[in-house]
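The structure file my_file-v2.txt is reproduced below (compact mmCIF, C-alpha atoms).
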# COMPACT_ATOMS: atom_id res chain seq x y z
CA MET S 1 -8.24 40.45 -13.95
CA LYS S 2 -5.78 39.39 -16.60
CA ILE S 3 -8.64 38.69 -18.98
CA SER S 4 -10.25 42.07 -18.40
CA ILE S 5 -6.98 43.85 -19.09
CA SER S 6 -6.52 41.90 -22.31
CA MET S 7 -10.11 42.61 -23.28
CA PHE S 8 -9.55 46.30 -22.66
CA GLY S 9 -6.44 46.19 -24.80
CA LEU S 10 -8.31 44.37 -27.52
CA LEU S 11 -11.25 46.74 -27.44
CA THR S 12 -8.93 49.73 -27.49
CA ALA S 13 -7.11 48.23 -30.46
CA VAL S 14 -10.40 47.69 -32.27
CA ALA S 15 -11.60 51.19 -31.42
CA MET S 16 -8.33 52.66 -32.62
CA SER S 17 -8.15 50.63 -35.79
CA LEU S 18 -11.69 51.28 -36.97
CA PRO S 19 -11.46 55.01 -37.64
CA ALA S 20 -8.01 54.59 -39.19
CA GLN S 21 -9.29 51.99 -41.61
CA ALA S 22 -12.32 54.11 -42.39
CA GLN S 23 -10.38 57.33 -42.80
CA PHE S 24 -7.16 56.37 -44.56
CA ALA S 25 -7.03 54.52 -47.87
CA LYS S 26 -3.52 53.16 -47.22
CA PRO S 27 -1.34 52.67 -44.12
CA GLU S 28 1.23 55.12 -45.52
CA ASP S 29 -1.48 57.79 -45.71
CA ALA S 30 -2.13 57.34 -41.99
CA ILE S 31 1.59 57.50 -41.21
CA LYS S 32 2.09 60.64 -43.29
CA TYR S 33 -0.96 62.25 -41.67
CA ARG S 34 -0.02 61.51 -38.08
CA LYS S 35 3.52 62.82 -38.65
CA ALA S 36 2.10 65.94 -40.31
CA SER S 37 -0.39 66.66 -37.55
CA LEU S 38 2.28 66.12 -34.88
CA THR S 39 4.63 68.48 -36.76
CA VAL S 40 1.99 71.21 -36.81
CA LEU S 41 1.15 70.54 -33.15
CA GLY S 42 4.81 70.59 -32.10
CA THR S 43 5.54 73.80 -34.02
CA HIS S 44 2.76 75.75 -32.36
CA PHE S 45 3.41 74.28 -28.93
CA GLY S 46 7.06 75.23 -29.41
CA ARG S 47 6.05 78.84 -30.03
CA LEU S 48 4.09 78.94 -26.79
CA ALA S 49 6.93 77.23 -24.92
CA ALA S 50 9.36 79.85 -26.29
CA MET S 51 7.18 82.61 -24.82
CA ALA S 52 6.72 80.75 -21.54
CA ASN S 53 10.48 80.25 -21.22
CA GLY S 54 11.28 83.86 -22.14
CA ARG S 55 13.17 82.97 -25.31
CA VAL S 56 10.63 85.03 -27.26
CA PRO S 57 8.78 88.09 -25.90
CA TYR S 58 5.28 87.29 -24.66
CA ASP S 59 2.57 88.39 -27.09
CA ALA S 60 -0.93 87.60 -25.86
CA LYS S 61 -2.47 87.71 -29.34
CA ALA S 62 0.19 85.42 -30.82
CA ALA S 63 -0.16 83.08 -27.84
CA SER S 64 -3.91 82.91 -28.34
CA ASP S 65 -3.51 82.29 -32.10
CA ASN S 66 -1.08 79.44 -31.45
CA ALA S 67 -3.45 78.02 -28.85
CA GLU S 68 -6.34 77.90 -31.33
CA VAL S 69 -4.22 75.82 -33.71
CA ILE S 70 -3.33 73.48 -30.85
CA ALA S 71 -6.99 73.21 -29.88
CA ALA S 72 -7.86 72.05 -33.39
CA VAL S 73 -4.86 69.79 -34.01
CA ALA S 74 -4.12 68.06 -30.67
CA LYS S 75 -6.93 65.53 -31.19
CA LEU S 76 -5.93 64.57 -34.74
CA PRO S 77 -2.87 62.27 -34.68
CA TRP S 78 -4.28 59.45 -32.54
CA ALA S 79 -6.79 57.92 -34.95
CA ALA S 80 -3.92 57.43 -37.40
CA PHE S 81 -2.17 54.82 -35.22
CA GLY S 82 -4.46 52.02 -36.39
CA GLU S 83 -3.56 48.39 -36.97
CA GLY S 84 -1.24 47.88 -39.92
CA THR S 85 0.39 51.32 -39.62
CA ASP S 86 3.39 50.03 -37.65
CA LYS S 87 5.65 49.56 -40.68
CA GLY S 88 7.08 51.97 -43.23
CA GLU S 89 8.37 55.51 -42.87
CA THR S 90 7.76 55.71 -39.16
CA ARG S 91 9.64 55.91 -35.89
CA ALA S 92 6.66 54.48 -34.02
CA LYS S 93 7.69 51.70 -31.64
CA PRO S 94 5.88 48.33 -31.67
CA GLU S 95 4.82 49.08 -28.07
CA ILE S 96 2.09 51.35 -29.45
CA TRP S 97 0.25 48.26 -30.71
CA LYS S 98 1.40 45.92 -27.92
CA GLU S 99 0.54 48.21 -25.00
CA THR S 100 -2.44 49.96 -26.47
CA ALA S 101 -3.97 50.95 -23.14
CA LYS S 102 -0.68 52.50 -22.02
CA PHE S 103 -0.34 54.35 -25.33
CA LYS S 104 -3.91 55.61 -25.15
CA GLU S 105 -3.31 56.79 -21.59
CA ALA S 106 -0.20 58.69 -22.70
CA ALA S 107 -2.02 60.24 -25.66
CA ASP S 108 -4.99 61.20 -23.46
CA LYS S 109 -2.62 62.72 -20.90
CA SER S 110 -0.98 64.88 -23.55
CA GLN S 111 -4.34 66.03 -24.85
CA ALA S 112 -5.48 66.91 -21.31
CA GLU S 113 -2.30 68.89 -20.62
CA LEU S 114 -2.53 70.65 -23.99
CA ALA S 115 -6.13 71.61 -23.22
CA LYS S 116 -4.81 73.37 -20.10
CA VAL S 117 -2.23 75.18 -22.23
CA VAL S 118 -4.99 76.31 -24.59
CA SER S 119 -7.09 77.60 -21.68
CA ALA S 120 -4.08 79.41 -20.21
CA ALA S 121 -3.16 81.05 -23.51
CA ARG S 122 -6.75 82.21 -23.97
CA THR S 123 -6.68 84.03 -20.62
CA GLY S 124 -3.79 86.22 -21.79
CA ASN S 125 -1.97 85.59 -18.52
CA LEU S 126 1.72 84.74 -18.91
CA ASP S 127 2.00 83.12 -15.47
CA ALA S 128 -0.90 80.79 -16.30
CA LEU S 129 0.83 79.91 -19.55
CA LYS S 130 4.11 79.23 -17.78
CA ALA S 131 2.37 76.92 -15.31
CA ALA S 132 0.66 74.93 -18.07
CA VAL S 133 3.52 74.61 -20.57
CA GLY S 134 5.87 72.55 -18.36
CA PRO S 135 3.54 69.61 -17.66
CA ALA S 136 2.35 69.62 -21.28
CA GLY S 137 5.91 69.46 -22.58
CA ALA S 138 6.66 66.67 -20.13
CA SER S 139 3.65 64.70 -21.37
CA CYS S 140 4.83 65.05 -24.99
CA LYS S 141 8.32 63.93 -23.99
CA ALA S 142 7.06 60.95 -21.98
CA CYS S 143 5.10 59.67 -24.98
CA HIS S 144 8.10 60.19 -27.30
CA ASP S 145 10.46 58.46 -24.86
CA ASN S 146 8.22 55.43 -24.53
CA PHE S 147 6.72 55.11 -27.98
CA ARG S 148 9.05 56.74 -30.51
CA LYS S 149 12.40 55.45 -31.73
CA ASP S 150 15.39 57.82 -31.58
CA MET Q 1 2.93 101.36 -63.49
CA LYS Q 2 5.79 98.91 -63.93
CA ILE Q 3 7.48 100.36 -60.88
CA SER Q 4 4.39 100.05 -58.73
CA ILE Q 5 3.94 96.41 -59.71
CA SER Q 6 7.58 95.68 -58.88
CA MET Q 7 7.21 97.51 -55.60
CA PHE Q 8 4.15 95.43 -54.79
CA GLY Q 9 6.06 92.27 -55.54
CA LEU Q 10 8.94 93.42 -53.41
CA LEU Q 11 6.73 94.41 -50.51
CA THR Q 12 4.86 91.13 -50.73
CA ALA Q 13 8.17 89.28 -50.69
CA VAL Q 14 9.29 91.23 -47.64
CA ALA Q 15 5.97 90.70 -45.90
CA MET Q 16 6.10 86.98 -46.65
CA SER Q 17 9.71 86.52 -45.62
CA LEU Q 18 9.52 88.36 -42.31
CA PRO Q 19 7.22 86.00 -40.43
CA ALA Q 20 9.02 82.97 -41.83
CA GLN Q 21 12.37 84.25 -40.61
CA ALA Q 22 10.87 85.13 -37.26
CA GLN Q 23 9.01 81.85 -36.83
CA PHE Q 24 11.34 79.16 -38.19
CA ALA Q 25 14.87 78.61 -36.95
CA LYS Q 26 15.97 76.93 -40.19
CA PRO Q 27 14.65 76.86 -43.78
CA GLU Q 28 14.11 73.10 -43.51
CA ASP Q 29 11.83 73.68 -40.53
CA ALA Q 30 9.67 75.98 -42.65
CA ILE Q 31 9.59 73.43 -45.49
CA LYS Q 32 8.64 70.57 -43.16
CA TYR Q 33 5.96 72.71 -41.53
CA ARG Q 34 4.33 73.90 -44.74
CA LYS Q 35 4.22 70.35 -46.11
CA ALA Q 36 2.76 69.12 -42.82
CA SER Q 37 0.07 71.79 -42.65
CA LEU Q 38 -0.86 71.19 -46.31
CA THR Q 39 -1.07 67.43 -45.65
CA VAL Q 40 -3.47 68.00 -42.75
CA LEU Q 41 -5.45 70.50 -44.80
CA GLY Q 42 -5.63 68.17 -47.82
CA THR Q 43 -6.69 65.20 -45.72
CA HIS Q 44 -9.63 66.98 -44.14
CA PHE Q 45 -10.64 68.69 -47.37
CA GLY Q 46 -10.52 65.27 -49.03
CA ARG Q 47 -12.97 63.91 -46.46
CA LEU Q 48 -15.43 66.72 -47.20
CA ALA Q 49 -14.95 66.24 -50.94
CA ALA Q 50 -15.66 62.51 -50.54
CA MET Q 51 -18.99 63.35 -48.91
CA ALA Q 52 -19.79 66.04 -51.47
CA ASN Q 53 -19.07 63.61 -54.31
CA GLY Q 54 -21.06 60.80 -52.73
CA ARG Q 55 -18.08 58.47 -52.31
CA VAL Q 56 -18.73 58.51 -48.55
CA PRO Q 57 -22.17 58.90 -46.95
CA TYR Q 58 -22.88 62.45 -45.79
CA ASP Q 59 -22.52 62.90 -42.04
CA ALA Q 60 -23.24 66.45 -40.89
CA LYS Q 61 -21.30 66.08 -37.63
CA ALA Q 62 -18.23 64.62 -39.38
CA ALA Q 63 -18.46 67.34 -42.03
CA SER Q 64 -18.55 70.02 -39.37
CA ASP Q 65 -15.59 68.46 -37.50
CA ASN Q 66 -13.54 68.37 -40.69
CA ALA Q 67 -14.51 71.97 -41.40
CA GLU Q 68 -13.22 73.14 -38.02
CA VAL Q 69 -9.82 71.61 -38.75
CA ILE Q 70 -9.80 73.33 -42.15
CA ALA Q 71 -10.74 76.65 -40.51
CA ALA Q 72 -7.73 76.39 -38.20
CA VAL Q 73 -5.21 75.04 -40.70
CA ALA Q 74 -5.96 76.78 -44.04
CA LYS Q 75 -4.14 79.94 -42.96
CA LEU Q 76 -0.98 78.19 -41.75
CA PRO Q 77 1.15 77.09 -44.73
CA TRP Q 78 1.66 80.48 -46.39
CA ALA Q 79 4.01 82.14 -43.88
CA ALA Q 80 6.37 79.20 -44.37
CA PHE Q 81 7.18 80.13 -48.00
CA GLY Q 82 9.69 82.79 -46.96
CA GLU Q 83 12.92 83.73 -48.70
CA GLY Q 84 15.54 80.99 -48.54
CA THR Q 85 13.01 78.16 -48.34
CA ASP Q 86 13.14 77.39 -52.07
CA LYS Q 87 15.78 74.65 -51.81
CA GLY Q 88 15.84 71.27 -50.10
CA GLU Q 89 13.12 68.65 -49.65
CA THR Q 90 10.49 70.57 -51.52
CA ARG Q 91 8.50 70.45 -54.74
CA ALA Q 92 7.94 74.19 -54.61
CA LYS Q 93 8.62 75.85 -57.96
CA PRO Q 94 10.92 78.92 -58.20
CA GLU Q 95 7.88 80.85 -59.49
CA ILE Q 96 6.68 81.16 -55.88
CA TRP Q 97 9.52 83.58 -55.21
CA LYS Q 98 9.64 85.10 -58.71
CA GLU Q 99 5.92 85.80 -59.05
CA THR Q 100 5.12 86.54 -55.43
CA ALA Q 101 2.01 88.60 -56.16
CA LYS Q 102 0.60 85.81 -58.32
CA PHE Q 103 1.41 83.21 -55.66
CA LYS Q 104 -0.17 85.32 -52.94
CA GLU Q 105 -3.26 85.77 -55.09
CA ALA Q 106 -3.53 82.00 -55.58
CA ALA Q 107 -3.03 81.32 -51.86
CA ASP Q 108 -5.61 83.97 -50.94
CA LYS Q 109 -8.07 82.51 -53.47
CA SER Q 110 -7.72 79.04 -51.93
CA GLN Q 111 -8.24 80.44 -48.44
CA ALA Q 112 -11.34 82.34 -49.59
CA GLU Q 113 -12.81 79.24 -51.24
CA LEU Q 114 -11.99 77.08 -48.22
CA ALA Q 115 -13.73 79.63 -45.98
CA LYS Q 116 -16.87 79.05 -48.07
CA VAL Q 117 -16.48 75.28 -47.61
CA VAL Q 118 -16.20 75.78 -43.84
CA SER Q 119 -19.35 77.92 -43.78
CA ALA Q 120 -21.21 75.38 -45.90
CA ALA Q 121 -20.18 72.45 -43.70
CA ARG Q 122 -21.28 74.35 -40.60
CA THR Q 123 -24.79 74.80 -42.02
CA GLY Q 124 -25.25 71.02 -42.21
CA ASN Q 125 -26.64 71.36 -45.73
CA LEU Q 126 -25.21 68.86 -48.22
CA ASP Q 127 -26.17 70.92 -51.27
CA ALA Q 128 -24.31 73.94 -49.85
CA LEU Q 129 -21.29 71.72 -49.28
CA LYS Q 130 -21.45 70.34 -52.83
CA ALA Q 131 -21.59 73.88 -54.24
CA ALA Q 132 -18.55 75.01 -52.23
CA VAL Q 133 -16.27 71.98 -52.63
CA GLY Q 134 -15.83 72.20 -56.41
CA PRO Q 135 -14.42 75.74 -56.59
CA ALA Q 136 -12.25 75.10 -53.52
CA GLY Q 137 -10.77 71.96 -55.06
CA ALA Q 138 -10.16 73.86 -58.29
CA SER Q 139 -8.33 76.60 -56.39
CA CYS Q 140 -6.08 74.01 -54.69
CA LYS Q 141 -5.37 72.39 -58.06
CA ALA Q 142 -4.62 75.70 -59.78
CA CYS Q 143 -2.02 76.55 -57.15
CA HIS Q 144 -0.47 73.06 -57.39
CA ASP Q 145 -0.42 73.20 -61.20
CA ASN Q 146 1.33 76.57 -61.25
CA PHE Q 147 3.58 76.39 -58.22
CA ARG Q 148 4.32 72.73 -57.42
CA LYS Q 149 6.56 70.37 -59.36
CA ASP Q 150 5.12 66.99 -60.40

Now, as a test, write the supplied structure out as structure tokens.
Amino acid sequence: MKISISMFGLLTAVAMSLPAQAQFAKPEDAIKYRKASLTVLGTHFGRLAAMANGRVPYDAKAASDNAEVIAAVAKLPWAAFGEGTDKGETRAKPEIWKETAKFKEAADKSQAELAKVVSAARTGNLDALKAAVGPAGASCKACHDNFRKD
Amino acid sequence: MKISISMFGLLTAVAMSLPAQAQFAKPEDAIKYRKASLTVLGTHFGRLAAMANGRVPYDAKAASDNAEVIAAVAKLPWAAFGEGTDKGETRAKPEIWKETAKFKEAADKSQAELAKVVSAARTGNLDALKAAVGPAGASCKACHDNFRKD
């Protein structure tokens, strides 16, 4: 059992490091890219959350536009957490590379919750959006709490 | 004639500053966001350019995936160049806010050329991609040369 968990961690690490190595010339490029994609993601999620929480008036078209950005961007950051990208201008905790299965689970959870937000925003129904935004925000926060330095 | 050009510049400035004020709580948020969206855009355009230039083997699926990110992100940075976002952690030149019509023209040109790259990548035809990437890259460079500090 212990071996299979280690193997899974190893395989996940290999799977995560391969695209990063292939796609980024230097570790700092990967770090810059994952921060950038998370900034774009967070900005547009924040706009939906503001509507869901009533801080900004609900606008179905704006909600749908924000959702399309989220749909395109939510999958981007994760390939940029490859091996060798743990040092430099980053608040990423070492746990990302020590507990790779747990990190992948957290990233997958966020993507699944964000997919529900996208679906809700596409329906044009504010109640659906409200229901989806809370769990998605919680999934973002959980990953930040566990894997990002203050 | 002079008046109408000034009016156009003024109206463009107003049109550009309104969404930025509405969408970003602080100027530094707008600056961080525009840099982030341009980083994501540049990364995915770079991947298509690498295929078009033969530095990376052509992969129609990868090209199409990169194109979808570009389609979602190419329109994002421009609303974040509102009034008051000319100072701080930015290489943006003052000309952006002095020659607003010229800046808008350059931004629109880049978006138009990137739209052609997206269409070309969706066709799965490498020659179409090669034809579109050059002018798009030139439009990015022209805007950087004129409106970004070294």

Chain S on chain Q, least-squares, complete ordered Cα pairing, as an mmCIF file with C-alpha atoms, keeping the file's coordinate frame:
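So out.cif came out as:
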data_model
loop_
_atom_site.group_PDB
_atom_site.id
_atom_site.type_symbol
_atom_site.label_atom_id
_atom_site.label_comp_id
_atom_site.auth_asym_id
_atom_site.auth_seq_id
_atom_site.Cartn_x
_atom_site.Cartn_y
_atom_site.Cartn_z
ATOM 1 C CA MET S 1 3.199 101.069 -63.635
ATOM 2 C CA LYS S 2 6.070 98.655 -63.997
ATOM 3 C CA ILE S 3 7.717 100.148 -60.933
ATOM 4 C CA SER S 4 4.580 99.863 -58.828
ATOM 5 C CA ILE S 5 4.177 96.215 -59.756
ATOM 6 C CA SER S 6 7.789 95.512 -58.838
ATOM 7 C CA MET S 7 7.361 97.423 -55.598
ATOM 8 C CA PHE S 8 4.284 95.374 -54.792
ATOM 9 C CA GLY S 9 6.210 92.202 -55.497
ATOM 10 C CA LEU S 10 9.059 93.386 -53.332
ATOM 11 C CA LEU S 11 6.806 94.403 -50.476
ATOM 12 C CA THR S 12 4.945 91.114 -50.682
ATOM 13 C CA ALA S 13 8.258 89.269 -50.613
ATOM 14 C CA VAL S 14 9.352 91.242 -47.564
ATOM 15 C CA ALA S 15 6.011 90.703 -45.845
ATOM 16 C CA MET S 16 6.170 86.998 -46.581
ATOM 17 C CA SER S 17 9.768 86.567 -45.547
ATOM 18 C CA LEU S 18 9.529 88.383 -42.231
ATOM 19 C CA PRO S 19 7.210 86.016 -40.378
ATOM 20 C CA ALA S 20 9.035 82.998 -41.808
ATOM 21 C CA GLN S 21 12.359 84.267 -40.545
ATOM 22 C CA ALA S 22 10.837 85.116 -37.191
ATOM 23 C CA GLN S 23 8.981 81.842 -36.826
ATOM 24 C CA PHE S 24 11.312 79.184 -38.202
ATOM 25 C CA ALA S 25 14.859 78.639 -36.971
ATOM 26 C CA LYS S 26 15.968 76.986 -40.232
ATOM 27 C CA PRO S 27 14.643 76.915 -43.815
ATOM 28 C CA GLU S 28 14.098 73.147 -43.556
ATOM 29 C CA ASP S 29 11.829 73.724 -40.552
ATOM 30 C CA ALA S 30 9.658 76.010 -42.678
ATOM 31 C CA ILE S 31 9.578 73.475 -45.514
ATOM 32 C CA LYS S 32 8.654 70.614 -43.192
ATOM 33 C CA TYR S 33 5.954 72.752 -41.562
ATOM 34 C CA ARG S 34 4.317 73.943 -44.759
ATOM 35 C CA LYS S 35 4.226 70.384 -46.137
ATOM 36 C CA ALA S 36 2.764 69.145 -42.845
ATOM 37 C CA SER S 37 0.071 71.802 -42.677
ATOM 38 C CA LEU S 38 -0.865 71.209 -46.327
ATOM 39 C CA THR S 39 -1.065 67.449 -45.659
ATOM 40 C CA VAL S 40 -3.459 68.001 -42.763
ATOM 41 C CA LEU S 41 -5.455 70.517 -44.822
ATOM 42 C CA GLY S 42 -5.636 68.198 -47.837
ATOM 43 C CA THR S 43 -6.682 65.196 -45.735
ATOM 44 C CA HIS S 44 -9.623 66.975 -44.162
ATOM 45 C CA PHE S 45 -10.654 68.690 -47.378
ATOM 46 C CA GLY S 46 -10.517 65.271 -49.036
ATOM 47 C CA ARG S 47 -12.960 63.913 -46.462
ATOM 48 C CA LEU S 48 -15.423 66.694 -47.204
ATOM 49 C CA ALA S 49 -14.941 66.237 -50.951
ATOM 50 C CA ALA S 50 -15.654 62.498 -50.549
ATOM 51 C CA MET S 51 -18.989 63.333 -48.901
ATOM 52 C CA ALA S 52 -19.793 66.014 -51.469
ATOM 53 C CA ASN S 53 -19.076 63.594 -54.318
ATOM 54 C CA GLY S 54 -21.059 60.757 -52.726
ATOM 55 C CA ARG S 55 -18.062 58.463 -52.318
ATOM 56 C CA VAL S 56 -18.709 58.483 -48.566
ATOM 57 C CA PRO S 57 -22.148 58.871 -46.935
ATOM 58 C CA TYR S 58 -22.867 62.421 -45.793
ATOM 59 C CA ASP S 59 -22.511 62.858 -42.032
ATOM 60 C CA ALA S 60 -23.231 66.399 -40.879
ATOM 61 C CA LYS S 61 -21.283 66.026 -37.630
ATOM 62 C CA ALA S 62 -18.222 64.587 -39.383
ATOM 63 C CA ALA S 63 -18.458 67.306 -42.035
ATOM 64 C CA SER S 64 -18.556 69.986 -39.361
ATOM 65 C CA ASP S 65 -15.596 68.419 -37.499
ATOM 66 C CA ASN S 66 -13.533 68.337 -40.691
ATOM 67 C CA ALA S 67 -14.505 71.935 -41.404
ATOM 68 C CA GLU S 68 -13.231 73.111 -38.011
ATOM 69 C CA VAL S 69 -9.823 71.588 -38.756
ATOM 70 C CA ILE S 70 -9.799 73.329 -42.134
ATOM 71 C CA ALA S 71 -10.763 76.614 -40.493
ATOM 72 C CA ALA S 72 -7.748 76.378 -38.196
ATOM 73 C CA VAL S 73 -5.218 75.033 -40.702
ATOM 74 C CA ALA S 74 -5.982 76.775 -44.029
ATOM 75 C CA LYS S 75 -4.167 79.955 -42.950
ATOM 76 C CA LEU S 76 -1.001 78.202 -41.754
ATOM 77 C CA PRO S 77 1.127 77.119 -44.747
ATOM 78 C CA TRP S 78 1.639 80.522 -46.382
ATOM 79 C CA ALA S 79 3.977 82.166 -43.877
ATOM 80 C CA ALA S 80 6.352 79.238 -44.390
ATOM 81 C CA PHE S 81 7.145 80.188 -48.009
ATOM 82 C CA GLY S 82 9.660 82.842 -46.968
ATOM 83 C CA GLU S 83 12.879 83.786 -48.719
ATOM 84 C CA GLY S 84 15.513 81.069 -48.568
ATOM 85 C CA THR S 85 12.988 78.213 -48.359
ATOM 86 C CA ASP S 86 13.114 77.462 -52.096
ATOM 87 C CA LYS S 87 15.761 74.735 -51.838
ATOM 88 C CA GLY S 88 15.823 71.354 -50.129
ATOM 89 C CA GLU S 89 13.134 68.726 -49.695
ATOM 90 C CA THR S 90 10.490 70.645 -51.567
ATOM 91 C CA ARG S 91 8.496 70.516 -54.772
ATOM 92 C CA ALA S 92 7.915 74.266 -54.632
ATOM 93 C CA LYS S 93 8.600 75.926 -57.983
ATOM 94 C CA PRO S 94 10.871 78.995 -58.217
ATOM 95 C CA GLU S 95 7.822 80.921 -59.495
ATOM 96 C CA ILE S 96 6.620 81.216 -55.892
ATOM 97 C CA TRP S 97 9.476 83.645 -55.209
ATOM 98 C CA LYS S 98 9.584 85.162 -58.712
ATOM 99 C CA GLU S 99 5.854 85.863 -59.037
ATOM 100 C CA THR S 100 5.063 86.573 -55.435
ATOM 101 C CA ALA S 101 1.940 88.614 -56.135
ATOM 102 C CA LYS S 102 0.538 85.832 -58.320
ATOM 103 C CA PHE S 103 1.352 83.233 -55.661
ATOM 104 C CA LYS S 104 -0.230 85.332 -52.930
ATOM 105 C CA GLU S 105 -3.332 85.780 -55.075
ATOM 106 C CA ALA S 106 -3.575 82.012 -55.582
ATOM 107 C CA ALA S 107 -3.081 81.329 -51.872
ATOM 108 C CA ASP S 108 -5.660 83.986 -50.937
ATOM 109 C CA LYS S 109 -8.108 82.514 -53.451
ATOM 110 C CA SER S 110 -7.763 79.062 -51.920
ATOM 111 C CA GLN S 111 -8.272 80.436 -48.434
ATOM 112 C CA ALA S 112 -11.391 82.331 -49.567
ATOM 113 C CA GLU S 113 -12.852 79.229 -51.226
ATOM 114 C CA LEU S 114 -12.015 77.076 -48.197
ATOM 115 C CA ALA S 115 -13.759 79.601 -45.947
ATOM 116 C CA LYS S 116 -16.904 79.027 -48.035
ATOM 117 C CA VAL S 117 -16.497 75.271 -47.591
ATOM 118 C CA VAL S 118 -16.215 75.760 -43.830
ATOM 119 C CA SER S 119 -19.374 77.896 -43.768
ATOM 120 C CA ALA S 120 -21.238 75.338 -45.884
ATOM 121 C CA ALA S 121 -20.188 72.417 -43.694
ATOM 122 C CA ARG S 122 -21.283 74.312 -40.587
ATOM 123 C CA THR S 123 -24.804 74.739 -41.986
ATOM 124 C CA GLY S 124 -25.258 70.962 -42.190
ATOM 125 C CA ASN S 125 -26.641 71.304 -45.707
ATOM 126 C CA LEU S 126 -25.212 68.816 -48.209
ATOM 127 C CA ASP S 127 -26.192 70.889 -51.256
ATOM 128 C CA ALA S 128 -24.338 73.902 -49.837
ATOM 129 C CA LEU S 129 -21.320 71.688 -49.270
ATOM 130 C CA LYS S 130 -21.478 70.331 -52.804
ATOM 131 C CA ALA S 131 -21.609 73.859 -54.219
ATOM 132 C CA ALA S 132 -18.584 74.994 -52.205
ATOM 133 C CA VAL S 133 -16.304 71.965 -52.608
ATOM 134 C CA GLY S 134 -15.854 72.196 -56.402
ATOM 135 C CA PRO S 135 -14.453 75.742 -56.580
ATOM 136 C CA ALA S 136 -12.288 75.099 -53.511
ATOM 137 C CA GLY S 137 -10.804 71.971 -55.060
ATOM 138 C CA ALA S 138 -10.198 73.875 -58.279
ATOM 139 C CA SER S 139 -8.363 76.612 -56.377
ATOM 140 C CA CYS S 140 -6.105 74.023 -54.699
ATOM 141 C CA LYS S 141 -5.405 72.410 -58.067
ATOM 142 C CA ALA S 142 -4.666 75.728 -59.785
ATOM 143 C CA CYS S 143 -2.052 76.585 -57.155
ATOM 144 C CA HIS S 144 -0.497 73.096 -57.408
ATOM 145 C CA ASP S 145 -0.441 73.248 -61.215
ATOM 146 C CA ASN S 146 1.281 76.616 -61.255
ATOM 147 C CA PHE S 147 3.537 76.446 -58.232
ATOM 148 C CA ARG S 148 4.301 72.801 -57.448
ATOM 149 C CA LYS S 149 6.547 70.443 -59.391
ATOM 150 C CA ASP S 150 5.117 67.056 -60.420
#

Problem set entry | d(atom CA of Q:Thr39, atom CA of S:Leu129) in Å |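 Atom-to-atom, atom CA of Q:Thr39 to atom CA of S:Leu129, that is 29.0 Å.
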
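For the pair atom CA of Q:Phe81 and atom CA of Q:Lys32, the interatomic distance is 10.8 Å.
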
Problem set entry | Selection: 12 Å around S:Ala121, only C-alpha atoms, excl. self and same-chain fewer than 5 positions, as a PyMOL selection string | chain S and resi 44-45+47-49+51-52+58-71+114-116+126-133

Exercise. Mind pulling up the distance from atom CA of S:Ala30 to atom CA of S:Ala79?
Worked result: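 Distance between the two atoms: 8.5 Å.
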
Exercise. Counting only C-alpha atoms, which of S:Lys149, S:Lys93, S:Lys26, S:Lys109 gets nearest to S:Ala80?
Worked result: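 Checking each candidate against S:Ala80, we get S:Lys26 as the closest.
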
For this session: Hey, list the chain S side of the contact with chain Q: 7 Å cut-off, all atoms listed in the file, answer as a list in words.
Result: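 The contacting residues on chain S are Tyr33, Ala36, Ser37, Thr39, Val40, Val69 and Ala72 of chain S.
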
Since the input has fewer atoms than a full residue there, write stretch 39-48 of chain Q out with N, CA and C atoms, as a PDB file, in the coordinates of the input.
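Saved to selection.pdb:
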ATOM      1  N   THR Q  39      -0.609  68.818 -45.745  1.00  0.00           N
ATOM      2  CA  THR Q  39      -1.070  67.430 -45.650  1.00  0.00           C
ATOM      3  C   THR Q  39      -2.321  67.329 -44.774  1.00  0.00           C
ATOM      4  N   VAL Q  40      -2.293  68.010 -43.637  1.00  0.00           N
ATOM      5  CA  VAL Q  40      -3.470  68.000 -42.750  1.00  0.00           C
ATOM      6  C   VAL Q  40      -4.656  68.644 -43.466  1.00  0.00           C
ATOM      7  N   LEU Q  41      -4.393  69.795 -44.078  1.00  0.00           N
ATOM      8  CA  LEU Q  41      -5.450  70.500 -44.800  1.00  0.00           C
ATOM      9  C   LEU Q  41      -6.044  69.622 -45.908  1.00  0.00           C
ATOM     10  N   GLY Q  42      -5.174  69.004 -46.703  1.00  0.00           N
ATOM     11  CA  GLY Q  42      -5.630  68.170 -47.820  1.00  0.00           C
ATOM     12  C   GLY Q  42      -6.409  66.950 -47.358  1.00  0.00           C
ATOM     13  N   THR Q  43      -5.986  66.374 -46.238  1.00  0.00           N
ATOM     14  CA  THR Q  43      -6.690  65.200 -45.720  1.00  0.00           C
ATOM     15  C   THR Q  43      -8.125  65.549 -45.339  1.00  0.00           C
ATOM     16  N   HIS Q  44      -8.280  66.635 -44.613  1.00  0.00           N
ATOM     17  CA  HIS Q  44      -9.630  66.980 -44.140  1.00  0.00           C
ATOM     18  C   HIS Q  44     -10.493  67.542 -45.268  1.00  0.00           C
ATOM     19  N   PHE Q  45      -9.882  68.260 -46.205  1.00  0.00           N
ATOM     20  CA  PHE Q  45     -10.640  68.690 -47.370  1.00  0.00           C
ATOM     21  C   PHE Q  45     -11.081  67.472 -48.181  1.00  0.00           C
ATOM     22  N   GLY Q  46     -10.185  66.498 -48.295  1.00  0.00           N
ATOM     23  CA  GLY Q  46     -10.520  65.270 -49.030  1.00  0.00           C
ATOM     24  C   GLY Q  46     -11.717  64.540 -48.430  1.00  0.00           C
ATOM     25  N   ARG Q  47     -11.823  64.571 -47.106  1.00  0.00           N
ATOM     26  CA  ARG Q  47     -12.970  63.910 -46.460  1.00  0.00           C
ATOM     27  C   ARG Q  47     -14.284  64.632 -46.776  1.00  0.00           C
ATOM     28  N   LEU Q  48     -14.225  65.967 -46.829  1.00  0.00           N
ATOM     29  CA  LEU Q  48     -15.430  66.720 -47.200  1.00  0.00           C
ATOM     30  C   LEU Q  48     -15.753  66.492 -48.676  1.00  0.00           C
TER      31      LEU Q  48
END
